[in-house]
Amino acid sequence: MQVRGLVQGVGFRPFVYASARELGLSGSVANGPDGVTIEVEGSPPALARFTERIRSDAPPLAAVTEVTVSQIPCSGGTGFTIAASQGGPARTLVSPDIATCDDCLAELRDPADRRYRHAFISCTNCGPRFTVIVDLPYDRPATTMADLPLCATCAGEYADPADRRFHAQTVACRDCGPQLRLHRPGAPDVSGDAALAATRELLAGGAIVAVKGLGGYHLACAADDETAVAGLRKRKDRGDKPFAVMVRDVPTAVALAVLGPVERELLSDPRRPVVLLRRRATDLVAASVAPQHPDLGVMLPYTPVHHLLFGLPGDPPGPRALVMTSGNLAGEPIVIDDGAALDRLAGIAEAWLSHDRPIHVPCDDSVVRLAAGVQLPVRRSRGYAPMPIALPVPVRPTLAVGGDLKNTFAVGDGRFAWLSAHVGDMDDLATQQAFEAATEHLATLTGVRPELLVCDAHPGYRSTAWARRHAGDREVRKVAHHHAHIASAMAENGHDGTTRVLGFAFDGTGYGADCAVWGGEVLVADYAGYERAAHLAYVPLPGGDAGVRNPCRMALSHLRAAGVDWDPRLPCVAACDPVERNLMARQLETGVACAPTSSMGRLFDAMSSLAGVCHRVAYEAEAAMRFEELAAAALPEAGAPYRFGIETGVPRQLRAAPVVAAAAADVLAGTPAEVIAARFHLAVADLVTRTAVALRAAGAPDTVALSGGVFLNALLTTLCVRSLADAGFRVLRHSRVPPSDAGLALGQLVVAARTPP
């Protein structure tokens with residue numbers, strides 16, 4: 001019997017062993033390159049019950065995708081054993097890293113248990129997986145714990161079929177497991193319980209500590225300490241970008257933020273993502289944690305070290321909430337190496353809590369939010385990667401390298417795609433090096449040997465250049481940016497591509513077929529191709545990246561395109577000094593350093609500045625995020641929304657000028673910024689639905705796909721989903737893969753499978 005799926009490192013072999021023994025069967029079970037191989041013999045009724053159990057009663061973390069049964073000659077065995085792992089080219093599903101389970105937490109807190117306060121407690125049902133696996137089959141010698149031999153007691157548990165740690169590859173205890181160490185410049189290093197106690201004391205005293213986690217280092221400090229949080233923000237050059245916080249338990253999370261049933265479920269999920277929640281007024285977090293943002297990213301502890309940092313009964317009280325942000329410098333990947341942490345984080349951290357279990361592959365925290373009652377992934381990484389996405393169409397062995405922002409790549413073969421953990425923005429050499437190492441690791445774990453490389457059509461993308469450099473004699477195929485977005489939404493929703501969809505691809509920047517900067521696109525598409533049915537009317541993007549970093553410049557461009565004077569009373573005009581305004585006027589008049597753009601993301605930026613919300617950004621999508629947050633609270637009092645113009649033609653022009661002019665008039669009339677924001681969000685949702693209805697009447701499909709980074713906006717996504725459903729459309733939206741460029745690789749895979757060379 002061959003069992004494929006997520007069946008290694010999740011307690012599957014012990015489950016098979018116990019089932020066979022209970023049914024009186026003999027034989028063996030072993031990990032192999034293609035899953036788990038079971039040889040079993042016994043009476044036909046017992047074999048039938050055993051086969052059914054394999055399909056239906058697997059352990060909670062397992063995912064059986066295929067069971068193949070074949071007959072072999074009987075060997076006449078009298079017992080059932082767990083055999084040595086079989087070698088060969090790998091092809092199985094590897095479990096993500098999973099939060100500490102309740103059974104292990106109970107032992108961690110029990111003074112009578114031998115693993116009381118053991119900072120690396122784990123069992124078959126929890127603990128590190130993806131980040132410590134070096135090779136397959138998944139056995140201890142193929143993990144980063146290979147150099148930590150088991151003590152006699154742990155070895156006994158590992159070999160005992162009745163034990164919860166039977167064949168748990170990361171099993172360890174204080175005597176044989178990894179050891180904690182706290183390093184403070186100018187002070188002796190301390191280890192074990194003393195290291196944890198000293199770290200808790202440092203955090204309570206306002207220190208910034210680099211803490212080694214599952215997939216890399218965090219930078220931690222007390223979330224209620226304004227001096228510490230502001231210091232961390234300054235040292236990390238974070239701007240006003242919000243920090244995530246970790247809290248001890250759900251009741252503390254409730255004190256921080258508003259949680260509905262779905263948010264509670266997401267927060268407590270074994271994958272432990274950061275969940276974006278509407279914050280409450282509380283002194284548990286300092287103002288600098290999320291300045292000018294009503295939402296807060298909250299997560300629960302997911303390693304024993306995290307639980308111990310909050311303390312057990314009898315420990316001195318410490319912070320109730322900790323800032324936990326990625327341990328890196330701005331623009332660099334998360335640090336995983338201990339030596340690199342001491343070097344790269346030296347200007348930020350005041351102490352380092354590390355351990356001697358190496359991290360093989362970096363894996364940032366995952367981030368999710370709720371939209372229209374459904375999970376909306378913002379970043380798919382720890383806890384989710386490398387769980388595969390089932391594909392609605394078969395693909396040949398392929399590596400899709402994704403894009404340059406929020407890079408996530410993917411490998412695919414047959415009916416599965418494996419998406420990497422979050423890599424980052426490809427404009428940094430360290431990120432590019434991390435990308436290359438991660439591609440090799442994922443290929444090793446999946447056994448995919450790519451025959452085809454797929455990249456974005458943008459000629460200047462670093463990911464595209466990487467694909468060309470590493471292709472050798474393999475084909476490199478380019479996929480249009482916004483086509484990949486729509487295909488990604490189709491693929492994760494199981495759309496087989498035999499019918500076309502009406503796709504709304506709204507983002508900040510994407511290379512267009514006419515070499516313009518696209519981003520407000522309406523495509524009629526399948527996997528084989530697309531037609532541009534409509535788009536936002538072009539306006540100039542002044543200064544390229546300078547226009548992106550300065551939403552006030554984009555606002556001036558939209559005002560000029562709408563025929564609205566640059567009245568100094570408008571906040572976006574006042575934000576630009578006379579020299580900047582004169583430069584802008586010359587650029588827009590002459591077209592020098594101005595690229596035409598149809599970007600919806602840039603329109604959100606412009607409207608945010610026009611309303612006086614955000615004129616200069618310190619991080620991607622800051623202006624749009626703050627605009628969304630204002631809009632959510634004002635929807636009930638917004639009144640009539642603004643209204644885009646829709647012109648006939650092929651493709652149809654979607655004109656923002658009426659919206660810009662109406663919003664400018666509201667600003668001059670003293671309308672609050674939050675009302676302007678709400679009216680704009682309602683206007684975009686109305687535009688999507690009116691455009692879909694008009695195109696459907698002209699013969700377009702009645703299935704709509706929503707993708708692109710603008711649909712990370714939970715308010716807009718919710719408004720669009722509801723409005724489109726009311727208009728009779730079937731809506732494909734993202735719930736497993738981010739709609740941003742982090743989901744491009746999935747779309748690239750399926751498009752490449754259906755488009756000719």
# chains A, B, ... in the order shown; residues from 1 in each chain; ligands from 1
>>> select_by_dssp(residues="range 177-319 of chain A", states="helix (DSSP H, G or I)", output="number ranges by chain")
A: 192-204, 226-235, 250-256, 261-268, 287-289, 304-310
>>> closest_residue(among="A:Val190, A:Val368, A:Ala595, A:Cys176", to="Ala244 in chain A", atoms="only C-alpha atoms")
A:Val368
>>> atom_distance(atom1="CA of Val401 in chain A", atom2="CA of Leu744 in chain A")
8.6 Å
>>> closest_atom_pairs(of="range 333-373 of chain A", to="range 108-125 of chain A", cutoff="12 Å", atoms="only C-alpha atoms", output="JSON lines")
{"residue": "A:Leu353", "atom": "CA", "partner": "A:Ala119", "partner_atom": "CA", "distance": 11.8}
{"residue": "A:Ser354", "atom": "CA", "partner": "A:Ala119", "partner_atom": "CA", "distance": 11.3}
{"residue": "A:His355", "atom": "CA", "partner": "A:Ala119", "partner_atom": "CA", "distance": 9.8}
{"residue": "A:Asp356", "atom": "CA", "partner": "A:Phe120", "partner_atom": "CA", "distance": 11.0}
{"residue": "A:Arg357", "atom": "CA", "partner": "A:Phe120", "partner_atom": "CA", "distance": 9.5}
>>> write_last_selection(atoms="all heavy atoms", output="tab-separated table (two decimals), in the first residue's frame")
chain	number	residue	atom	x	y	z
A	353	LEU	N	18.90	36.14	22.70
A	353	LEU	CA	18.50	34.86	23.25
A	353	LEU	C	18.50	33.86	22.09
A	353	LEU	O	17.63	33.89	21.22
A	353	LEU	CB	17.11	34.94	23.88
A	353	LEU	CG	16.61	33.63	24.53
A	353	LEU	CD1	17.48	33.24	25.72
A	353	LEU	CD2	15.14	33.76	24.95
A	354	SER	N	19.49	32.97	22.07
A	354	SER	CA	19.65	32.04	20.95
A	354	SER	C	19.66	30.60	21.46
A	354	SER	O	19.51	30.35	22.66
A	354	SER	CB	20.94	32.34	20.19
A	354	SER	OG	22.06	32.13	21.02
A	355	HIS	N	19.84	29.68	20.55
A	355	HIS	CA	19.96	28.27	20.92
A	355	HIS	C	20.75	27.56	19.84
A	355	HIS	O	21.05	28.13	18.78
A	355	HIS	CB	18.58	27.62	21.11
A	355	HIS	CG	17.65	27.76	19.95
A	355	HIS	ND1	17.78	27.03	18.78
A	355	HIS	CD2	16.57	28.56	19.75
A	355	HIS	CE1	16.82	27.35	17.94
A	355	HIS	NE2	16.07	28.28	18.49
A	356	ASP	N	21.12	26.30	20.10
A	356	ASP	CA	22.02	25.58	19.19
A	356	ASP	C	21.28	24.60	18.26
A	356	ASP	O	21.89	23.67	17.76
A	356	ASP	CB	23.11	24.85	19.97
A	356	ASP	CG	22.57	23.89	21.02
A	356	ASP	OD1	21.35	23.87	21.23
A	356	ASP	OD2	23.38	23.18	21.63
A	357	ARG	N	19.99	24.83	18.02
A	357	ARG	CA	19.30	24.08	16.96
A	357	ARG	C	19.29	24.97	15.72
A	357	ARG	O	18.59	25.98	15.69
A	357	ARG	CB	17.87	23.74	17.37
A	357	ARG	CG	17.13	22.89	16.30
A	357	ARG	CD	15.69	22.63	16.71
A	357	ARG	NE	14.88	23.84	16.66
A	357	ARG	CZ	13.79	24.04	17.39
A	357	ARG	NH1	13.39	23.12	18.23
A	357	ARG	NH2	13.11	25.16	17.28
>>> residues_around(residues="Ala152 in chain A", least_positions_apart="2", cutoff="12 Å", atoms="only C-alpha atoms", output="list in words")
Pro149, Leu150, Cys154, Ala155, Gly156, Glu157, Tyr158, Ala159, Val171, Ala172, Cys173, Asp175 and Cys176 of chain A
>>> closest_residue(among="A:His495, A:His183, A:His422, A:Arg553", to="Asn582 in chain A", atoms="only C-alpha atoms")
A:Arg553
>>> residues_around(residues="Pro96 in chain A", least_positions_apart="3", cutoff="7 Å", atoms="only C-alpha atoms", output="VMD selection string")
chain A and resid 129 to 130 382 to 387
>>> residues_around(residues="Arg344 in chain A", least_positions_apart="3", cutoff="10 Å", atoms="only C-alpha atoms", output="number ranges by chain")
A: 327-329, 332, 335, 338-341, 347-349
>>> select_by_dssp(residues="range 101-324 of chain A", states="strand (DSSP E)", output="ChimeraX atom specification")
/A:180-183,190-191,209-212,217-222,244-247,257-258,274-279,295-299,321-324
>>> write_last_selection(atoms="N, CA, C and O atoms", output="compact mmCIF listing (two decimals), in the first residue's frame")
# COMPACT_ATOMS: atom_id res chain seq x y z
N LEU A 180 19.44 26.81 25.41
CA LEU A 180 19.31 28.26 25.28
C LEU A 180 20.57 28.96 25.79
O LEU A 180 21.23 28.48 26.72
N ARG A 181 20.84 30.11 25.17
CA ARG A 181 21.95 30.93 25.65
C ARG A 181 21.58 32.39 25.49
O ARG A 181 21.05 32.80 24.45
N LEU A 182 21.81 33.19 26.52
CA LEU A 182 21.60 34.63 26.46
C LEU A 182 22.95 35.32 26.41
O LEU A 182 23.79 35.14 27.30
N HIS A 183 23.13 36.12 25.37
CA HIS A 183 24.37 36.88 25.21
C HIS A 183 24.07 38.35 25.39
O HIS A 183 23.19 38.91 24.75
N VAL A 190 24.72 33.42 29.82
CA VAL A 190 24.02 32.51 30.72
C VAL A 190 23.16 31.59 29.87
O VAL A 190 22.80 31.91 28.72
N SER A 191 22.81 30.42 30.41
CA SER A 191 22.09 29.42 29.62
C SER A 191 20.91 28.88 30.40
O SER A 191 20.73 29.14 31.59
N VAL A 209 15.44 42.79 22.73
CA VAL A 209 16.14 41.51 22.71
C VAL A 209 15.88 40.80 21.38
O VAL A 209 14.73 40.72 20.93
N ALA A 210 16.94 40.29 20.77
CA ALA A 210 16.79 39.43 19.58
C ALA A 210 16.54 38.01 20.08
O ALA A 210 17.34 37.45 20.83
N VAL A 211 15.40 37.43 19.68
CA VAL A 211 14.97 36.12 20.15
C VAL A 211 14.90 35.16 18.97
O VAL A 211 14.19 35.41 17.99
N LYS A 212 15.63 34.07 19.04
CA LYS A 212 15.63 33.08 17.98
C LYS A 212 14.36 32.24 18.05
O LYS A 212 14.07 31.63 19.08
N TYR A 217 15.04 35.02 13.61
CA TYR A 217 15.07 35.86 14.81
C TYR A 217 13.93 36.87 14.79
O TYR A 217 13.57 37.41 13.75
N HIS A 218 13.37 37.11 15.98
CA HIS A 218 12.49 38.25 16.22
C HIS A 218 13.27 39.32 16.97
O HIS A 218 14.23 39.02 17.70
N LEU A 219 12.83 40.55 16.84
CA LEU A 219 13.25 41.62 17.73
C LEU A 219 12.08 41.89 18.66
O LEU A 219 10.97 42.20 18.21
N ALA A 220 12.32 41.74 19.95
CA ALA A 220 11.24 41.79 20.94
C ALA A 220 11.47 42.90 21.94
O ALA A 220 12.61 43.21 22.32
N CYS A 221 10.37 43.50 22.40
CA CYS A 221 10.41 44.44 23.51
C CYS A 221 9.01 44.49 24.12
O CYS A 221 8.04 44.00 23.53
N ALA A 222 8.91 45.09 25.31
CA ALA A 222 7.61 45.22 25.96
C ALA A 222 6.72 46.15 25.15
O ALA A 222 7.10 47.28 24.84
N ALA A 244 3.78 43.98 14.89
CA ALA A 244 2.91 42.92 15.41
C ALA A 244 3.21 42.72 16.89
O ALA A 244 4.33 42.97 17.35
N VAL A 245 2.20 42.29 17.62
CA VAL A 245 2.40 42.00 19.04
C VAL A 245 2.00 40.56 19.33
O VAL A 245 1.11 40.00 18.68
N MET A 246 2.68 39.97 20.30
CA MET A 246 2.35 38.64 20.78
C MET A 246 1.81 38.76 22.19
O MET A 246 2.36 39.49 23.01
N VAL A 247 0.70 38.05 22.45
CA VAL A 247 0.10 38.07 23.78
C VAL A 247 0.03 36.65 24.32
O VAL A 247 0.04 35.67 23.57
N ALA A 257 -8.05 43.93 21.39
CA ALA A 257 -8.71 44.10 20.10
C ALA A 257 -10.07 43.43 20.09
O ALA A 257 -10.40 42.61 20.95
N VAL A 258 -10.86 43.76 19.06
CA VAL A 258 -12.19 43.20 18.89
C VAL A 258 -12.06 41.86 18.14
O VAL A 258 -11.53 41.81 17.03
N VAL A 274 -0.25 35.90 12.42
CA VAL A 274 -0.59 37.22 12.92
C VAL A 274 -1.95 37.57 12.32
O VAL A 274 -2.15 37.49 11.11
N VAL A 275 -2.90 37.96 13.17
CA VAL A 275 -4.24 38.30 12.71
C VAL A 275 -4.44 39.80 12.88
O VAL A 275 -4.23 40.35 13.97
N LEU A 276 -4.83 40.46 11.80
CA LEU A 276 -5.08 41.90 11.86
C LEU A 276 -6.47 42.14 12.43
O LEU A 276 -7.48 41.67 11.90
N LEU A 277 -6.52 42.89 13.55
CA LEU A 277 -7.74 43.10 14.30
C LEU A 277 -7.95 44.59 14.57
O LEU A 277 -6.99 45.36 14.64
N ARG A 278 -9.22 44.96 14.79
CA ARG A 278 -9.52 46.35 15.17
C ARG A 278 -9.18 46.54 16.65
O ARG A 278 -9.72 45.87 17.51
N ARG A 279 -8.27 47.44 16.95
CA ARG A 279 -7.75 47.59 18.30
C ARG A 279 -8.74 48.31 19.22
O ARG A 279 -9.59 49.07 18.79
N ASP A 295 -5.96 49.40 13.41
CA ASP A 295 -5.82 47.94 13.43
C ASP A 295 -4.51 47.54 14.08
O ASP A 295 -3.54 48.31 14.10
N LEU A 296 -4.50 46.33 14.60
CA LEU A 296 -3.32 45.82 15.30
C LEU A 296 -3.11 44.37 14.88
O LEU A 296 -4.06 43.58 14.82
N GLY A 297 -1.87 44.00 14.57
CA GLY A 297 -1.52 42.62 14.28
C GLY A 297 -1.23 41.87 15.56
O GLY A 297 -0.31 42.24 16.31
N VAL A 298 -1.99 40.82 15.83
CA VAL A 298 -1.89 40.09 17.10
C VAL A 298 -1.64 38.62 16.81
O VAL A 298 -2.25 38.04 15.89
N MET A 299 -0.77 38.00 17.60
CA MET A 299 -0.57 36.55 17.50
C MET A 299 -0.37 35.97 18.90
O MET A 299 -0.03 36.69 19.85
N ALA A 321 2.14 41.94 26.86
CA ALA A 321 2.20 41.91 25.39
C ALA A 321 3.61 42.27 24.97
O ALA A 321 4.24 43.15 25.56
N LEU A 322 4.10 41.57 23.97
CA LEU A 322 5.45 41.81 23.45
C LEU A 322 5.38 42.20 21.99
O LEU A 322 4.67 41.57 21.20
N VAL A 323 6.09 43.25 21.61
CA VAL A 323 6.32 43.49 20.19
C VAL A 323 7.20 42.35 19.69
O VAL A 323 8.21 42.00 20.31
N MET A 324 6.80 41.73 18.57
CA MET A 324 7.58 40.67 17.95
C MET A 324 7.67 40.98 16.46
O MET A 324 6.73 40.69 15.69
>>> residues_around(residues="Val289 in chain A", least_positions_apart="6", cutoff="8 Å", atoms="only C-alpha atoms", output="MDAnalysis selection string")
chainID A and resid 223 229:230 242:244 323
>>> residues_around(residues="range 36-38 of chain A", least_positions_apart="3", cutoff="7 Å", atoms="only C-alpha atoms", output="PDB file with all heavy atoms, in the first residue's frame")
ATOM      1  N   MET A   1       0.849  -1.182   0.000  1.00  0.00           N
ATOM      2  CA  MET A   1       0.000   0.000   0.000  1.00  0.00           C
ATOM      3  C   MET A   1       0.890   1.239   0.000  1.00  0.00           C
ATOM      4  O   MET A   1       1.806   1.355   0.820  1.00  0.00           O
ATOM      5  CB  MET A   1      -0.909  -0.003   1.237  1.00  0.00           C
ATOM      6  CG  MET A   1      -1.835   1.209   1.333  1.00  0.00           C
ATOM      7  SD  MET A   1      -2.807   1.173   2.865  1.00  0.00           S
ATOM      8  CE  MET A   1      -3.749  -0.327   2.649  1.00  0.00           C
ATOM      9  N   GLN A   2       0.632   2.160  -0.940  1.00  0.00           N
ATOM     10  CA  GLN A   2       1.378   3.405  -1.017  1.00  0.00           C
ATOM     11  C   GLN A   2       0.433   4.541  -0.622  1.00  0.00           C
ATOM     12  O   GLN A   2      -0.645   4.704  -1.206  1.00  0.00           O
ATOM     13  CB  GLN A   2       1.900   3.642  -2.440  1.00  0.00           C
ATOM     14  CG  GLN A   2       2.808   4.834  -2.580  1.00  0.00           C
ATOM     15  CD  GLN A   2       4.151   4.613  -1.900  1.00  0.00           C
ATOM     16  OE1 GLN A   2       4.707   3.528  -1.952  1.00  0.00           O
ATOM     17  NE2 GLN A   2       4.652   5.637  -1.241  1.00  0.00           N
ATOM     18  N   VAL A   3       0.845   5.337   0.379  1.00  0.00           N
ATOM     19  CA  VAL A   3       0.032   6.454   0.857  1.00  0.00           C
ATOM     20  C   VAL A   3       0.775   7.747   0.557  1.00  0.00           C
ATOM     21  O   VAL A   3       1.918   7.934   0.995  1.00  0.00           O
ATOM     22  CB  VAL A   3      -0.258   6.335   2.367  1.00  0.00           C
ATOM     23  CG1 VAL A   3      -1.202   7.456   2.803  1.00  0.00           C
ATOM     24  CG2 VAL A   3      -0.854   4.977   2.699  1.00  0.00           C
ATOM     25  N   ARG A   4       0.136   8.628  -0.184  1.00  0.00           N
ATOM     26  CA  ARG A   4       0.744   9.909  -0.537  1.00  0.00           C
ATOM     27  C   ARG A   4      -0.009  11.042   0.138  1.00  0.00           C
ATOM     28  O   ARG A   4      -1.187  10.933   0.457  1.00  0.00           O
ATOM     29  CB  ARG A   4       0.732  10.101  -2.064  1.00  0.00           C
ATOM     30  CG  ARG A   4       1.580   9.087  -2.823  1.00  0.00           C
ATOM     31  CD  ARG A   4       1.482   9.281  -4.334  1.00  0.00           C
ATOM     32  NE  ARG A   4       2.360   8.373  -5.046  1.00  0.00           N
ATOM     33  CZ  ARG A   4       2.040   7.138  -5.393  1.00  0.00           C
ATOM     34  NH1 ARG A   4       0.839   6.671  -5.089  1.00  0.00           N
ATOM     35  NH2 ARG A   4       2.894   6.364  -6.026  1.00  0.00           N
ATOM     36  N   VAL A   7       2.203  13.027   5.074  1.00  0.00           N
ATOM     37  CA  VAL A   7       2.203  11.807   5.880  1.00  0.00           C
ATOM     38  C   VAL A   7       3.557  11.545   6.540  1.00  0.00           C
ATOM     39  O   VAL A   7       3.767  10.472   7.098  1.00  0.00           O
ATOM     40  CB  VAL A   7       1.790  10.583   5.027  1.00  0.00           C
ATOM     41  CG1 VAL A   7       0.320  10.666   4.668  1.00  0.00           C
ATOM     42  CG2 VAL A   7       2.629  10.473   3.763  1.00  0.00           C
ATOM     43  N   SER A  28       4.780  -4.081   7.900  1.00  0.00           N
ATOM     44  CA  SER A  28       5.688  -2.981   8.232  1.00  0.00           C
ATOM     45  C   SER A  28       5.206  -1.690   7.579  1.00  0.00           C
ATOM     46  O   SER A  28       4.405  -1.705   6.641  1.00  0.00           O
ATOM     47  CB  SER A  28       7.112  -3.296   7.746  1.00  0.00           C
ATOM     48  OG  SER A  28       7.145  -3.354   6.329  1.00  0.00           O
ATOM     49  N   VAL A  29       5.726  -0.583   8.101  1.00  0.00           N
ATOM     50  CA  VAL A  29       5.460   0.733   7.531  1.00  0.00           C
ATOM     51  C   VAL A  29       6.781   1.488   7.496  1.00  0.00           C
ATOM     52  O   VAL A  29       7.598   1.378   8.412  1.00  0.00           O
ATOM     53  CB  VAL A  29       4.399   1.514   8.339  1.00  0.00           C
ATOM     54  CG1 VAL A  29       4.818   1.694   9.795  1.00  0.00           C
ATOM     55  CG2 VAL A  29       4.133   2.874   7.704  1.00  0.00           C
ATOM     56  N   ALA A  30       7.012   2.254   6.411  1.00  0.00           N
ATOM     57  CA  ALA A  30       8.263   3.000   6.279  1.00  0.00           C
ATOM     58  C   ALA A  30       8.015   4.286   5.511  1.00  0.00           C
ATOM     59  O   ALA A  30       7.180   4.339   4.595  1.00  0.00           O
ATOM     60  CB  ALA A  30       9.317   2.165   5.549  1.00  0.00           C
ATOM     61  N   ASN A  31       8.752   5.320   5.912  1.00  0.00           N
ATOM     62  CA  ASN A  31       8.791   6.528   5.094  1.00  0.00           C
ATOM     63  C   ASN A  31       9.536   6.233   3.805  1.00  0.00           C
ATOM     64  O   ASN A  31      10.518   5.481   3.793  1.00  0.00           O
ATOM     65  CB  ASN A  31       9.525   7.657   5.826  1.00  0.00           C
ATOM     66  CG  ASN A  31       8.637   8.355   6.831  1.00  0.00           C
ATOM     67  OD1 ASN A  31       7.425   8.242   6.782  1.00  0.00           O
ATOM     68  ND2 ASN A  31       9.257   9.096   7.745  1.00  0.00           N
ATOM     69  N   GLY A  32       9.094   6.830   2.724  1.00  0.00           N
ATOM     70  CA  GLY A  32       9.774   6.678   1.458  1.00  0.00           C
ATOM     71  C   GLY A  32       9.782   7.975   0.689  1.00  0.00           C
ATOM     72  O   GLY A  32       9.192   8.970   1.121  1.00  0.00           O
TER      73      GLY A  32
END
>>> atom_distance(atom1="CA of Asn493 in chain A", atom2="CA of Val737 in chain A")
10.1 Å
>>> closest_residue(among="A:Ser366, A:Gln292, A:Thr68, A:Thr691", to="Ser326 in chain A", atoms="only C-alpha atoms")
A:Ser366
>>> atom_distance(atom1="CA of Trp518 in chain A", atom2="CA of Ala606 in chain A")
15.9 Å
